[in-house]
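Data file: upload.txt. Format and content: compact mmCIF, C-alpha atoms.
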# COMPACT_ATOMS: atom_id res chain seq x y z
CA MET A 1 -19.72 -45.17 -167.27
CA GLN A 2 -17.62 -42.51 -169.00
CA SER A 3 -17.78 -42.84 -172.76
CA LYS A 4 -14.61 -43.47 -174.75
CA ILE A 5 -12.62 -40.54 -175.97
CA ASP A 6 -12.92 -40.11 -179.73
CA ILE A 7 -9.28 -39.39 -180.54
CA SER A 8 -10.25 -38.00 -183.93
CA GLN A 9 -12.16 -35.24 -182.13
CA ASP A 10 -10.07 -34.84 -178.99
CA LYS A 11 -6.53 -34.99 -180.27
CA ALA A 12 -5.77 -31.81 -178.34
CA LEU A 13 -6.22 -33.67 -175.05
CA LEU A 14 -4.05 -36.57 -176.17
CA TRP A 15 -1.29 -34.21 -177.26
CA LEU A 16 -1.57 -32.38 -173.94
CA MET A 17 -1.16 -35.74 -172.20
CA ALA A 18 1.84 -36.51 -174.43
CA ILE A 19 3.44 -33.21 -173.43
CA ALA A 20 2.78 -34.01 -169.77
CA CYS A 21 4.47 -37.40 -170.23
CA GLY A 22 7.46 -35.66 -171.78
CA LEU A 23 7.77 -33.14 -168.95
CA CYS A 24 7.46 -35.80 -166.27
CA ALA A 25 9.96 -38.21 -167.81
CA GLY A 26 12.37 -35.46 -168.80
CA ALA A 27 12.52 -34.21 -165.23
CA ASN A 28 14.69 -37.22 -164.37
CA TYR A 29 17.33 -36.60 -167.05
CA TYR A 30 18.32 -32.95 -166.75
CA SER A 31 21.47 -33.80 -164.82
CA GLN A 32 23.00 -36.03 -167.51
CA PRO A 33 24.81 -33.37 -169.57
CA LEU A 34 25.35 -31.22 -166.45
CA ILE A 35 27.54 -33.57 -164.43
CA ASN A 36 30.72 -31.58 -165.02
CA SER A 37 29.05 -28.21 -164.38
CA ILE A 38 27.46 -29.44 -161.13
CA HIS A 39 30.80 -30.96 -160.13
CA GLU A 40 32.55 -27.62 -160.64
CA TYR A 41 29.78 -25.61 -158.93
CA PHE A 42 29.60 -27.69 -155.74
CA GLN A 43 33.25 -28.81 -155.83
CA ALA A 44 32.06 -32.33 -155.12
CA PRO A 45 33.71 -35.58 -156.34
CA ILE A 46 32.63 -36.41 -159.88
CA ASP A 47 31.47 -39.92 -158.97
CA GLN A 48 29.20 -38.48 -156.25
CA VAL A 49 27.72 -35.99 -158.69
CA ALA A 50 27.15 -38.80 -161.20
CA LEU A 51 25.03 -40.57 -158.57
CA THR A 52 22.38 -37.90 -159.21
CA VAL A 53 21.42 -39.83 -162.36
CA THR A 54 21.07 -43.05 -160.38
CA PHE A 55 19.05 -41.38 -157.60
CA ALA A 56 16.62 -40.02 -160.18
CA GLN A 57 15.99 -43.47 -161.61
CA VAL A 58 15.82 -45.27 -158.25
CA SER A 59 13.27 -42.78 -156.90
CA TYR A 60 11.28 -43.05 -160.11
CA ALA A 61 11.26 -46.85 -159.72
CA LEU A 62 10.01 -46.50 -156.13
CA GLY A 63 7.25 -44.18 -157.32
CA LEU A 64 6.29 -46.71 -159.96
CA LEU A 65 6.02 -49.45 -157.36
CA PHE A 66 4.26 -47.57 -154.54
CA ILE A 67 2.41 -44.68 -156.24
CA VAL A 68 1.35 -45.77 -159.75
CA PRO A 69 -0.84 -48.71 -158.58
CA VAL A 70 -2.96 -46.20 -156.66
CA GLY A 71 -4.19 -45.04 -160.06
CA ASP A 72 -6.62 -47.99 -160.11
CA ILE A 73 -8.38 -46.94 -156.89
CA VAL A 74 -8.48 -43.11 -156.94
CA ASN A 75 -9.94 -40.32 -159.04
CA LYS A 76 -7.26 -39.96 -161.72
CA THR A 77 -8.60 -36.56 -162.76
CA LYS A 78 -7.37 -35.18 -159.45
CA PHE A 79 -4.54 -37.63 -158.76
CA ILE A 80 -2.51 -36.94 -161.92
CA PRO A 81 -2.37 -33.12 -161.49
CA LEU A 82 -1.54 -33.62 -157.77
CA LEU A 83 1.44 -35.80 -158.65
CA MET A 84 2.66 -33.22 -161.15
CA PHE A 85 2.34 -30.47 -158.54
CA MET A 86 4.48 -32.45 -156.09
CA ALA A 87 7.05 -33.15 -158.80
CA SER A 88 7.27 -29.42 -159.50
CA ILE A 89 8.15 -28.80 -155.83
CA GLY A 90 11.05 -31.24 -156.22
CA LEU A 91 12.21 -29.39 -159.33
CA PHE A 92 12.09 -26.08 -157.47
CA LEU A 93 14.31 -27.63 -154.78
CA CYS A 94 16.79 -28.64 -157.46
CA ALA A 95 16.71 -25.16 -158.97
CA PHE A 96 17.55 -23.50 -155.66
CA SER A 97 19.97 -26.11 -154.30
CA VAL A 98 22.84 -24.75 -152.23
CA ASN A 99 24.68 -28.05 -151.97
CA LEU A 100 24.75 -31.52 -153.50
CA PRO A 101 22.57 -33.21 -150.80
CA MET A 102 19.81 -30.63 -151.43
CA LEU A 103 20.02 -31.39 -155.15
CA TRP A 104 19.68 -35.08 -154.33
CA VAL A 105 16.57 -34.43 -152.20
CA GLY A 106 14.95 -32.42 -154.99
CA THR A 107 15.92 -35.08 -157.54
CA ILE A 108 14.41 -37.85 -155.41
CA MET A 109 11.19 -35.90 -154.87
CA ALA A 110 10.87 -35.08 -158.57
CA GLY A 111 11.54 -38.72 -159.42
CA LEU A 112 8.93 -40.08 -157.02
CA PHE A 113 6.09 -37.87 -158.22
CA SER A 114 6.92 -37.53 -161.91
CA VAL A 115 5.46 -41.04 -162.24
CA ALA A 116 2.31 -39.10 -163.13
CA ALA A 117 3.23 -40.02 -166.70
CA GLN A 118 2.85 -43.69 -165.85
CA VAL A 119 -0.65 -43.08 -164.50
CA LEU A 120 -1.54 -41.11 -167.62
CA ILE A 121 -0.58 -43.89 -170.04
CA PRO A 122 -2.90 -46.62 -168.67
CA PHE A 123 -5.53 -43.91 -168.15
CA ALA A 124 -5.38 -43.16 -171.88
CA THR A 125 -5.63 -46.84 -172.88
CA MET A 126 -8.78 -47.14 -170.74
CA SER A 127 -10.30 -44.17 -172.53
CA VAL A 128 -10.05 -45.35 -176.12
CA ALA A 129 -11.24 -48.33 -178.16
CA PRO A 130 -9.02 -51.45 -177.91
CA LYS A 131 -8.04 -51.19 -181.57
CA LYS A 132 -6.48 -47.79 -180.82
CA ILE A 133 -4.38 -48.84 -177.80
CA GLY A 134 -1.13 -49.21 -179.72
CA GLU A 135 -1.56 -45.89 -181.49
CA VAL A 136 -2.36 -44.04 -178.27
CA VAL A 137 0.50 -45.67 -176.34
CA GLY A 138 2.79 -44.82 -179.24
CA LEU A 139 1.73 -41.16 -179.18
CA LEU A 140 2.25 -40.81 -175.45
CA MET A 141 5.56 -42.67 -175.69
CA SER A 142 6.64 -40.24 -178.41
CA GLY A 143 5.96 -37.41 -176.00
CA LEU A 144 7.76 -39.21 -173.20
CA LEU A 145 10.86 -40.10 -175.22
CA VAL A 146 11.08 -36.74 -176.98
CA GLY A 147 10.76 -35.12 -173.55
CA ILE A 148 13.72 -37.11 -172.28
CA LEU A 149 15.88 -36.23 -175.28
CA LEU A 150 14.90 -32.56 -175.40
CA SER A 151 15.47 -32.30 -171.66
CA THR A 152 19.13 -33.19 -172.03
CA SER A 153 19.57 -30.84 -174.99
CA LEU A 154 17.79 -27.95 -173.30
CA SER A 155 19.57 -28.47 -169.99
CA GLY A 156 22.92 -28.32 -171.79
CA LEU A 157 21.88 -25.24 -173.78
CA LEU A 158 20.52 -23.32 -170.80
CA SER A 159 23.55 -24.28 -168.73
CA ASN A 160 25.83 -22.85 -171.40
CA LEU A 161 23.80 -19.65 -171.82
CA PHE A 162 22.85 -19.03 -168.19
CA HIS A 163 23.38 -21.50 -165.35
CA TRP A 164 23.02 -25.25 -164.85
CA ASN A 165 19.98 -24.85 -162.55
CA VAL A 166 17.85 -22.79 -165.00
CA ILE A 167 16.39 -25.90 -166.63
CA TYR A 168 14.98 -27.04 -163.29
CA LEU A 169 13.24 -23.69 -162.75
CA VAL A 170 11.74 -23.60 -166.24
CA SER A 171 10.58 -27.20 -165.98
CA ALA A 172 8.94 -26.62 -162.60
CA VAL A 173 6.88 -23.72 -163.96
CA LEU A 174 5.83 -25.66 -167.07
CA MET A 175 4.88 -28.65 -164.92
CA LEU A 176 2.52 -26.50 -162.89
CA ILE A 177 0.89 -25.03 -166.01
CA ILE A 178 0.27 -28.44 -167.61
CA ALA A 179 -1.07 -29.81 -164.33
CA VAL A 180 -3.68 -27.05 -164.20
CA LEU A 181 -4.69 -27.63 -167.83
CA LEU A 182 -5.08 -31.37 -167.32
CA SER A 183 -7.15 -30.90 -164.18
CA THR A 184 -9.77 -29.12 -166.27
CA ARG A 185 -9.84 -31.55 -169.23
CA LEU A 186 -9.31 -35.12 -168.01
CA PRO A 187 -12.53 -37.18 -168.11
CA GLN A 188 -13.81 -39.23 -165.19
CA LEU A 189 -13.25 -43.00 -165.32
CA PRO A 190 -14.57 -45.83 -163.13
CA ILE A 191 -12.64 -46.46 -159.90
CA THR A 192 -11.88 -49.94 -158.57
CA LYS A 193 -12.87 -50.36 -154.91
CA MET A 194 -9.81 -51.80 -153.24
CA SER A 195 -7.62 -51.01 -150.22
CA TYR A 196 -4.02 -49.88 -150.65
CA GLY A 197 -2.77 -53.10 -149.07
CA LYS A 198 -4.93 -55.24 -151.35
CA ILE A 199 -3.30 -53.58 -154.36
CA PHE A 200 0.01 -55.30 -153.68
CA SER A 201 -1.46 -58.74 -153.08
CA SER A 202 -3.35 -58.36 -156.37
CA MET A 203 -0.07 -57.42 -158.06
CA LEU A 204 1.48 -60.65 -156.77
CA ASP A 205 -1.50 -62.50 -158.24
CA LEU A 206 -0.86 -60.80 -161.58
CA LEU A 207 2.75 -61.98 -161.53
CA LYS A 208 1.62 -65.54 -160.84
CA GLN A 209 -1.15 -65.53 -163.42
CA GLU A 210 0.50 -63.60 -166.26
CA PRO A 211 3.96 -65.02 -167.13
CA ARG A 212 4.11 -62.77 -170.18
CA LEU A 213 4.06 -59.76 -167.87
CA ILE A 214 7.25 -61.04 -166.24
CA PHE A 215 8.98 -61.90 -169.51
CA ARG A 216 8.09 -58.62 -171.16
CA SER A 217 9.07 -56.64 -168.06
CA CYS A 218 12.49 -58.30 -168.12
CA VAL A 219 12.89 -57.61 -171.82
CA GLY A 220 12.14 -53.93 -171.19
CA GLY A 221 14.26 -53.76 -168.05
CA PHE A 222 17.39 -55.17 -169.68
CA ALA A 223 16.90 -53.06 -172.83
CA PHE A 224 16.60 -49.89 -170.75
CA ALA A 225 19.59 -50.95 -168.65
CA ALA A 226 21.65 -51.10 -171.84
CA MET A 227 20.48 -47.61 -172.72
CA SER A 228 21.19 -46.33 -169.21
CA VAL A 229 24.82 -47.45 -169.41
CA LEU A 230 25.04 -44.87 -172.16
CA PHE A 231 23.01 -42.25 -170.25
CA SER A 232 25.28 -42.34 -167.21
CA THR A 233 28.50 -42.02 -169.21
CA ILE A 234 27.54 -39.81 -172.16
CA ALA A 235 28.87 -36.59 -170.65
CA LEU A 236 32.05 -38.30 -169.41
CA LEU A 237 32.88 -39.79 -172.82
CA LEU A 238 32.10 -36.74 -174.94
CA LYS A 239 33.99 -34.51 -172.53
CA SER A 240 37.09 -36.72 -172.30
CA SER A 241 37.27 -37.82 -175.96
CA PHE A 242 36.13 -34.69 -177.76
CA GLY A 243 36.14 -31.90 -175.13
CA LEU A 244 32.50 -31.04 -175.75
CA SER A 245 30.67 -28.47 -173.62
CA ASP A 246 27.42 -29.14 -171.76
CA MET A 247 25.50 -27.47 -174.60
CA THR A 248 27.18 -29.58 -177.29
CA VAL A 249 26.60 -32.77 -175.32
CA GLY A 250 22.92 -31.88 -175.23
CA ILE A 251 22.80 -31.13 -178.96
CA VAL A 252 24.41 -34.47 -179.81
CA THR A 253 21.56 -36.28 -178.03
CA LEU A 254 18.96 -34.63 -180.30
CA VAL A 255 19.55 -37.28 -182.95
CA GLY A 256 17.61 -39.67 -180.72
CA VAL A 257 14.43 -37.66 -181.36
CA PHE A 258 14.00 -39.42 -184.72
CA GLY A 259 13.71 -42.76 -182.97
CA ALA A 260 11.33 -41.33 -180.38
CA LEU A 261 9.02 -39.86 -183.02
CA SER A 262 8.63 -43.29 -184.60
CA THR A 263 6.63 -44.73 -181.70
CA LYS A 264 3.19 -43.62 -182.92
CA LYS A 265 3.69 -45.43 -186.24
CA VAL A 266 5.20 -48.39 -184.40
CA GLY A 267 2.11 -48.49 -182.17
CA GLN A 268 -0.18 -48.56 -185.20
CA PHE A 269 1.87 -51.45 -186.63
CA ALA A 270 1.60 -53.25 -183.28
CA ASP A 271 -2.20 -52.80 -183.33
CA ARG A 272 -2.16 -54.98 -186.44
CA GLY A 273 -0.54 -57.84 -184.51
CA HIS A 274 3.14 -57.46 -185.39
CA THR A 275 4.57 -57.17 -181.88
CA LYS A 276 7.05 -60.05 -182.27
CA THR A 277 8.54 -58.51 -185.40
CA ILE A 278 8.82 -55.13 -183.68
CA THR A 279 10.48 -56.69 -180.62
CA TRP A 280 13.20 -58.47 -182.56
CA ALA A 281 13.78 -55.47 -184.80
CA GLY A 282 14.30 -53.42 -181.63
CA ILE A 283 16.69 -55.89 -180.01
CA SER A 284 18.71 -56.20 -183.23
CA THR A 285 18.93 -52.41 -183.48
CA LEU A 286 20.12 -52.17 -179.88
CA ALA A 287 22.89 -54.71 -180.56
CA ILE A 288 24.05 -52.94 -183.73
CA SER A 289 24.05 -49.59 -181.93
CA TRP A 290 26.78 -50.74 -179.55
CA ILE A 291 29.14 -51.40 -182.46
CA PHE A 292 28.82 -47.78 -183.53
CA LEU A 293 29.01 -46.58 -179.93
CA TYR A 294 32.26 -48.49 -179.37
CA LEU A 295 33.79 -46.73 -182.37
CA GLY A 296 32.31 -43.51 -181.03
CA GLN A 297 35.31 -43.01 -178.74
CA TYR A 298 37.34 -42.35 -181.89
CA TYR A 299 34.80 -40.85 -184.27
CA LEU A 300 32.06 -38.49 -183.15
CA ILE A 301 29.88 -39.33 -186.17
CA SER A 302 29.93 -43.00 -185.15
CA TYR A 303 28.80 -42.04 -181.66
CA ILE A 304 25.95 -39.95 -183.09
CA ILE A 305 24.78 -42.83 -185.32
CA GLY A 306 24.99 -45.24 -182.38
CA PHE A 307 23.02 -42.88 -180.16
CA GLY A 308 20.27 -42.58 -182.76
CA LEU A 309 20.11 -46.35 -183.24
CA ILE A 310 19.97 -47.16 -179.52
CA ASN A 311 17.05 -44.74 -179.07
CA LEU A 312 15.22 -46.29 -182.01
CA GLY A 313 15.85 -49.81 -180.69
CA LEU A 314 14.58 -48.96 -177.22
CA ALA A 315 11.48 -47.26 -178.67
CA LEU A 316 10.68 -50.38 -180.70
CA VAL A 317 11.10 -52.74 -177.74
CA HIS A 318 9.23 -50.56 -175.27
CA THR A 319 6.27 -49.84 -177.54
CA SER A 320 5.80 -53.51 -178.44
CA ASN A 321 6.06 -54.48 -174.75
CA GLN A 322 3.43 -52.01 -173.64
CA ASN A 323 1.10 -52.95 -176.47
CA ILE A 324 1.24 -56.53 -175.15
CA VAL A 325 0.98 -55.96 -171.40
CA PHE A 326 -1.88 -53.44 -171.59
CA ARG A 327 -4.01 -56.07 -173.31
CA LEU A 328 -3.54 -58.67 -170.56
CA ARG A 329 -6.16 -57.31 -168.11
CA GLU A 330 -8.71 -54.56 -168.68
CA ASP A 331 -9.34 -53.80 -164.99
CA SER A 332 -5.70 -53.78 -163.77
CA LYS A 333 -3.89 -51.47 -166.15
CA SER A 334 -2.30 -49.18 -163.55
CA ARG A 335 -1.07 -52.19 -161.59
CA ILE A 336 0.23 -53.87 -164.75
CA ASN A 337 1.99 -50.67 -165.74
CA SER A 338 3.40 -50.38 -162.22
CA ILE A 339 4.92 -53.86 -162.42
CA TYR A 340 6.25 -53.37 -165.94
CA MET A 341 7.64 -49.87 -165.41
CA THR A 342 9.09 -50.69 -161.97
CA MET A 343 11.14 -53.47 -163.51
CA TYR A 344 11.91 -51.20 -166.45
CA PHE A 345 13.37 -48.46 -164.26
CA ILE A 346 15.08 -50.84 -161.87
CA GLY A 347 16.83 -51.95 -165.02
CA GLY A 348 17.59 -48.31 -165.80
CA ALA A 349 19.02 -47.62 -162.35
CA THR A 350 21.08 -50.79 -162.49
CA GLY A 351 22.36 -49.87 -165.93
CA SER A 352 23.37 -46.40 -164.72
CA ALA A 353 25.26 -47.84 -161.76
CA LEU A 354 26.93 -50.46 -163.97
CA GLY A 355 27.85 -47.76 -166.47
CA ILE A 356 29.60 -45.67 -163.81
CA TYR A 357 31.33 -48.76 -162.39
CA ALA A 358 32.45 -49.89 -165.85
CA TRP A 359 33.77 -46.43 -166.68
CA ARG A 360 35.83 -46.30 -163.49
CA HIS A 361 37.32 -49.78 -164.02
CA GLY A 362 37.66 -50.07 -167.78
CA ALA A 363 36.67 -46.76 -169.36
CA TRP A 364 34.53 -46.79 -172.52
CA GLU A 365 35.57 -50.28 -173.67
CA MET A 366 34.20 -51.83 -170.46
CA SER A 367 31.02 -49.74 -170.73
CA CYS A 368 30.39 -51.12 -174.21
CA ILE A 369 30.92 -54.71 -173.04
CA VAL A 370 28.38 -54.20 -170.27
CA GLY A 371 25.93 -52.60 -172.71
CA ILE A 372 25.99 -55.47 -175.21
CA CYS A 373 25.71 -58.07 -172.42
CA LEU A 374 22.50 -56.38 -171.26
CA VAL A 375 21.10 -56.49 -174.80
CA ILE A 376 21.84 -60.23 -174.91
CA ALA A 377 19.94 -60.65 -171.63
CA ALA A 378 16.93 -58.84 -173.15
CA ALA A 379 17.07 -61.21 -176.13
CA ILE A 380 17.05 -64.26 -173.82
CA PHE A 381 13.83 -63.12 -172.13
CA ALA A 382 12.27 -62.35 -175.51
CA LEU A 383 12.99 -65.95 -176.49
CA LEU A 384 11.40 -67.19 -173.24
CA ASP A 385 8.31 -65.08 -173.99
CA LYS A 386 8.14 -66.52 -177.52
CA LYS A 387 8.45 -70.06 -176.15
CA TYR A 388 5.68 -69.46 -173.58
CA LEU A 389 3.38 -67.96 -176.20
CA SER A 390 3.93 -70.93 -178.51
CA LYS A 391 2.97 -73.35 -175.73
CA ALA A 392 -0.10 -71.27 -174.80
CA GLU A 393 -1.30 -71.32 -178.38
Written as structure tokens, how would this file's structure read?
Amino acid sequence: MQSKIDISQDKALLWLMAIACGLCAGANYYSQPLINSIHEYFQAPIDQVALTVTFAQVSYALGLLFIVPVGDIVNKTKFIPLLMFMASIGLFLCAFSVNLPMLWVGTIMAGLFSVAAQVLIPFATMSVAPKKIGEVVGLLMSGLLVGILLSTSLSGLLSNLFHWNVIYLVSAVLMLIIAVLLSTRLPQLPITKMSYGKIFSSMLDLLKQEPRLIFRSCVGGFAFAAMSVLFSTIALLLKSSFGLSDMTVGIVTLVGVFGALSTKKVGQFADRGHTKTITWAGISTLAISWIFLYLGQYYLISYIIGFGLINLGLALVHTSNQNIVFRLREDSKSRINSIYMTMYFIGGATGSALGIYAWRHGAWEMSCIVGICLVIAAAIFALLDKKYLSKAE
């Protein structure tokens, strides 16, 4: 059996994995600050262009459900770089799109295969001592969340300086480089002997046997849905209220990096058994953020504060959730992550769609109402999880 990675001696590999997570996750968010530029370039209806955000999240959710579980039964050393290679092809399609449908195809392909990040995370938790799981998850989540936030900033910047599709080309090239580097450094881990069909029946068994997996998945899904209401309308609000360019929209989102960088420390705190405290701190932060975001239609500084808070709140909730679910079963981590992250991104796709719908029928006020309702739903499932845990103890 492959020995555990000593993270004190192989931090370079963990940071490389964190960068890979950032590239993969960020690939699904480049379009957010570019909606207006893509709309003008293709002369397509704005609501159709905005669907690009939803397609990215739906395809990512499908990849989580049908591709990530395979991580338990294949050689991850080869599987992860292969997924990244396929995602890069999707990004190249986006870069060279001649119409909106071609952009959608590239977006869907990139979304499906960029789930490589969600194979990397359970892979990392299997390769370190249990007492380091929270810290490692936190590090990779830092990479993932920073990747998302930098992707929107860089896409806006490159759009302003060159063209909206440049970010897709740059990302595709970087994805290929990181895939090659990982293929030479990832260690071998044991493989579970199981058919593809058996994977899904075993996932149903996990849902029946692990109620906390359901509760925590719902907490994460609703929290990310609340965030995605903001993601799908950020460019529309900042453009209509303040007349900001793509580049400025991207720069505004950089404030969320501070929340994303906190996840390693949050993970270390979770390793000491404080997941409940972290969860409720995250949910409270999400709720408070929507107060600032509501006022953000009048004051840009309020929007910036709200954006930073909502990123911090989501990082707290997500890190505590993953710290809990990865400890449920040692031999089913890819399948557990598949269930959790599928529900997480279904929440994200739903939140994006609700955000667009709310904007069309009630502008920013309606979007804020939807956002806070989703936070309340996350709180309800956190209470259910707390009640279940109390009974189990």
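Of the residues under consideration (A:Gly156, A:Pro33, A:Pro69, A:Gly90), A:Pro69 shows the shortest atom-to-atom contact distance to Met194 in chain A when counting only C-alpha atoms.
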- Residues within 10 Å of (39.1, -39.6, -171.4), counting all atoms listed in the file, listed as a VMD selection string: chain A and resid 236 to 243 297 359 363 to 364
Write the residues you've just listed into a file as a JSON list (two decimals), keeping the file's coordinate frame, and include C-alpha atoms for each of them.
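What follows is the written file selection_4.json:
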[["chain", "number", "residue", "atom", "x", "y", "z"],
["A", 236, "LEU", "CA", 32.05, -38.30, -169.41],
["A", 237, "LEU", "CA", 32.88, -39.79, -172.82],
["A", 238, "LEU", "CA", 32.10, -36.74, -174.94],
["A", 239, "LYS", "CA", 33.99, -34.51, -172.53],
["A", 240, "SER", "CA", 37.09, -36.72, -172.30],
["A", 241, "SER", "CA", 37.27, -37.82, -175.96],
["A", 242, "PHE", "CA", 36.13, -34.69, -177.76],
["A", 243, "GLY", "CA", 36.14, -31.90, -175.13],
["A", 297, "GLN", "CA", 35.31, -43.01, -178.74],
["A", 359, "TRP", "CA", 33.77, -46.43, -166.68],
["A", 363, "ALA", "CA", 36.67, -46.76, -169.36],
["A", 364, "TRP", "CA", 34.53, -46.79, -172.52]]
- Task: Show me as an MDAnalysis selection string the residues that reach within 12 Å of (16.2, -43.5, -161.8), counting only C-alpha atoms and using the file's own coordinates.
- Result: chainID A and resid 25:32 50:64 104 107:112 114:115 224:225 228 231:232 341:353
Taking every listed atom of range 177-180 of chain A and adding 3 Å to each side, what centre and edge lengths in Å (one decimal) does the axis-aligned box have, as lines of an AutoDock Vina configuration file?
center_x = -1.4
center_y = -27.4
center_z = -165.9
size_x = 10.6
size_y = 10.8
size_z = 9.4
- Residue nearest Val325 in chain A among A:Leu154, A:Leu213, A:Ala44, A:Ala129 (counting all atoms listed in the file):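 Residue with the minimum atom-to-atom distance to Val325 in chain A: A:Leu213.
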- Message: Would you compute the distance between CA of Ala270 in chain A and CA of Leu139 in chain A? Give it in Å to one decimal.
- Response: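 Interatomic distance here is 12.8 Å.
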- Message: Using Å and a single decimal, report how far CA of Leu316 in chain A sits from CA of Tyr303 in chain A.
- Response: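 Those two atoms sit 20.0 Å apart.
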- Message: Given only C-alpha atoms as the basis, pick out the residue of A:Ile46, A:Leu295, A:Met175, A:Val180 nearest to Cys368 in chain A.
- Response: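 Nearest candidate to Cys368 in chain A out of A:Ile46, A:Leu295, A:Met175, A:Val180: A:Leu295.
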Need to verify the contact set: Tyr196 in chain A, 12 Å, all atoms listed in the file, exclusion of same-chain residues closer than 3 positions in sequence. Can you return it as a PDB file with C-alpha atoms, in the frame of the given file?
ATOM      1  CA  PHE A  66       4.260 -47.570-154.540  1.00  0.00           C
ATOM      2  CA  ILE A  67       2.410 -44.680-156.240  1.00  0.00           C
ATOM      3  CA  VAL A  68       1.350 -45.770-159.750  1.00  0.00           C
ATOM      4  CA  PRO A  69      -0.840 -48.710-158.580  1.00  0.00           C
ATOM      5  CA  VAL A  70      -2.960 -46.200-156.660  1.00  0.00           C
ATOM      6  CA  GLY A  71      -4.190 -45.040-160.060  1.00  0.00           C
ATOM      7  CA  ASP A  72      -6.620 -47.990-160.110  1.00  0.00           C
ATOM      8  CA  ILE A  73      -8.380 -46.940-156.890  1.00  0.00           C
ATOM      9  CA  VAL A  74      -8.480 -43.110-156.940  1.00  0.00           C
ATOM     10  CA  THR A 192     -11.880 -49.940-158.570  1.00  0.00           C
ATOM     11  CA  LYS A 193     -12.870 -50.360-154.910  1.00  0.00           C
ATOM     12  CA  ILE A 199      -3.300 -53.580-154.360  1.00  0.00           C
ATOM     13  CA  PHE A 200       0.010 -55.300-153.680  1.00  0.00           C
ATOM     14  CA  SER A 201      -1.460 -58.740-153.080  1.00  0.00           C
ATOM     15  CA  SER A 202      -3.350 -58.360-156.370  1.00  0.00           C
ATOM     16  CA  MET A 203      -0.070 -57.420-158.060  1.00  0.00           C
ATOM     17  CA  ARG A 335      -1.070 -52.190-161.590  1.00  0.00           C
TER      18      ARG A 335
END
- Message: Report, in Å with one decimal, the straight-line distance from CA of Ile177 in chain A to CA of Gly106 in chain A.
- Response: 19.3 Å
Considering all atoms listed in the file, return as an mmCIF file with C-alpha atoms, in the frame of the given file whatever protein or nucleic-acid residues lie within 8 Å of range 276-284 of chain A, sequence-local ones (same chain, fewer than 2 positions apart) excluded.
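Below is the file selection32.cif, written as the result:
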data_model
loop_
_atom_site.group_PDB
_atom_site.id
_atom_site.type_symbol
_atom_site.label_atom_id
_atom_site.label_comp_id
_atom_site.auth_asym_id
_atom_site.auth_seq_id
_atom_site.Cartn_x
_atom_site.Cartn_y
_atom_site.Cartn_z
ATOM 1 C CA ALA A 223 16.900 -53.060 -172.830
ATOM 2 C CA VAL A 266 5.200 -48.390 -184.400
ATOM 3 C CA ALA A 270 1.600 -53.250 -183.280
ATOM 4 C CA HIS A 274 3.140 -57.460 -185.390
ATOM 5 C CA LEU A 286 20.120 -52.170 -179.880
ATOM 6 C CA ALA A 287 22.890 -54.710 -180.560
ATOM 7 C CA ILE A 288 24.050 -52.940 -183.730
ATOM 8 C CA LEU A 312 15.220 -46.290 -182.010
ATOM 9 C CA GLY A 313 15.850 -49.810 -180.690
ATOM 10 C CA LEU A 314 14.580 -48.960 -177.220
ATOM 11 C CA ALA A 315 11.480 -47.260 -178.670
ATOM 12 C CA LEU A 316 10.680 -50.380 -180.700
ATOM 13 C CA VAL A 317 11.100 -52.740 -177.740
ATOM 14 C CA SER A 320 5.800 -53.510 -178.440
ATOM 15 C CA ASN A 321 6.060 -54.480 -174.750
ATOM 16 C CA VAL A 375 21.100 -56.490 -174.800
ATOM 17 C CA ALA A 378 16.930 -58.840 -173.150
ATOM 18 C CA ALA A 379 17.070 -61.210 -176.130
ATOM 19 C CA ALA A 382 12.270 -62.350 -175.510
#
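Shortest separation to Gln43 in chain A among A:Val136, A:Leu100, A:Ala179, A:Cys24 occurs at residue A:Leu100, atoms counted being only C-alpha atoms.
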- Nearest to Val173 in chain A, chosen from A:Leu65, A:Leu389, A:Ala87, A:Ile305, with all atoms listed in the file counted in the distances: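 Of A:Leu65, A:Leu389, A:Ala87, A:Ile305, the one nearest Val173 in chain A, counting all atoms listed in the file, is A:Ala87.
With all atoms listed in the file as the atoms that count, the residue of A:Ile356, A:Ile372, A:Ile380, A:Leu150 with the shortest distance to Asp47 in chain A is A:Ile356.
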- Item | Selection near Ile19 in chain A, 10 Å with only C-alpha atoms, sequence-local residues under 3 positions removed, as a VMD selection string | chain A and resid 13 to 16 22 to 25 117 139 to 144 146 to 147 175 178
Could you please take those selected residues and save C-alpha atoms as a short mmCIF file (atom, residue, chain, number, x, y, z; two decimals), in the frame of the given file?
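Printed below is selection.cif as written:
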data_model
loop_
_atom_site.label_atom_id
_atom_site.label_comp_id
_atom_site.auth_asym_id
_atom_site.auth_seq_id
_atom_site.Cartn_x
_atom_site.Cartn_y
_atom_site.Cartn_z
CA LEU A 13 -6.22 -33.67 -175.05
CA LEU A 14 -4.05 -36.57 -176.17
CA TRP A 15 -1.29 -34.21 -177.26
CA LEU A 16 -1.57 -32.38 -173.94
CA GLY A 22 7.46 -35.66 -171.78
CA LEU A 23 7.77 -33.14 -168.95
CA CYS A 24 7.46 -35.80 -166.27
CA ALA A 25 9.96 -38.21 -167.81
CA ALA A 117 3.23 -40.02 -166.70
CA LEU A 139 1.73 -41.16 -179.18
CA LEU A 140 2.25 -40.81 -175.45
CA MET A 141 5.56 -42.67 -175.69
CA SER A 142 6.64 -40.24 -178.41
CA GLY A 143 5.96 -37.41 -176.00
CA LEU A 144 7.76 -39.21 -173.20
CA VAL A 146 11.08 -36.74 -176.98
CA GLY A 147 10.76 -35.12 -173.55
CA MET A 175 4.88 -28.65 -164.92
CA ILE A 178 0.27 -28.44 -167.61
#
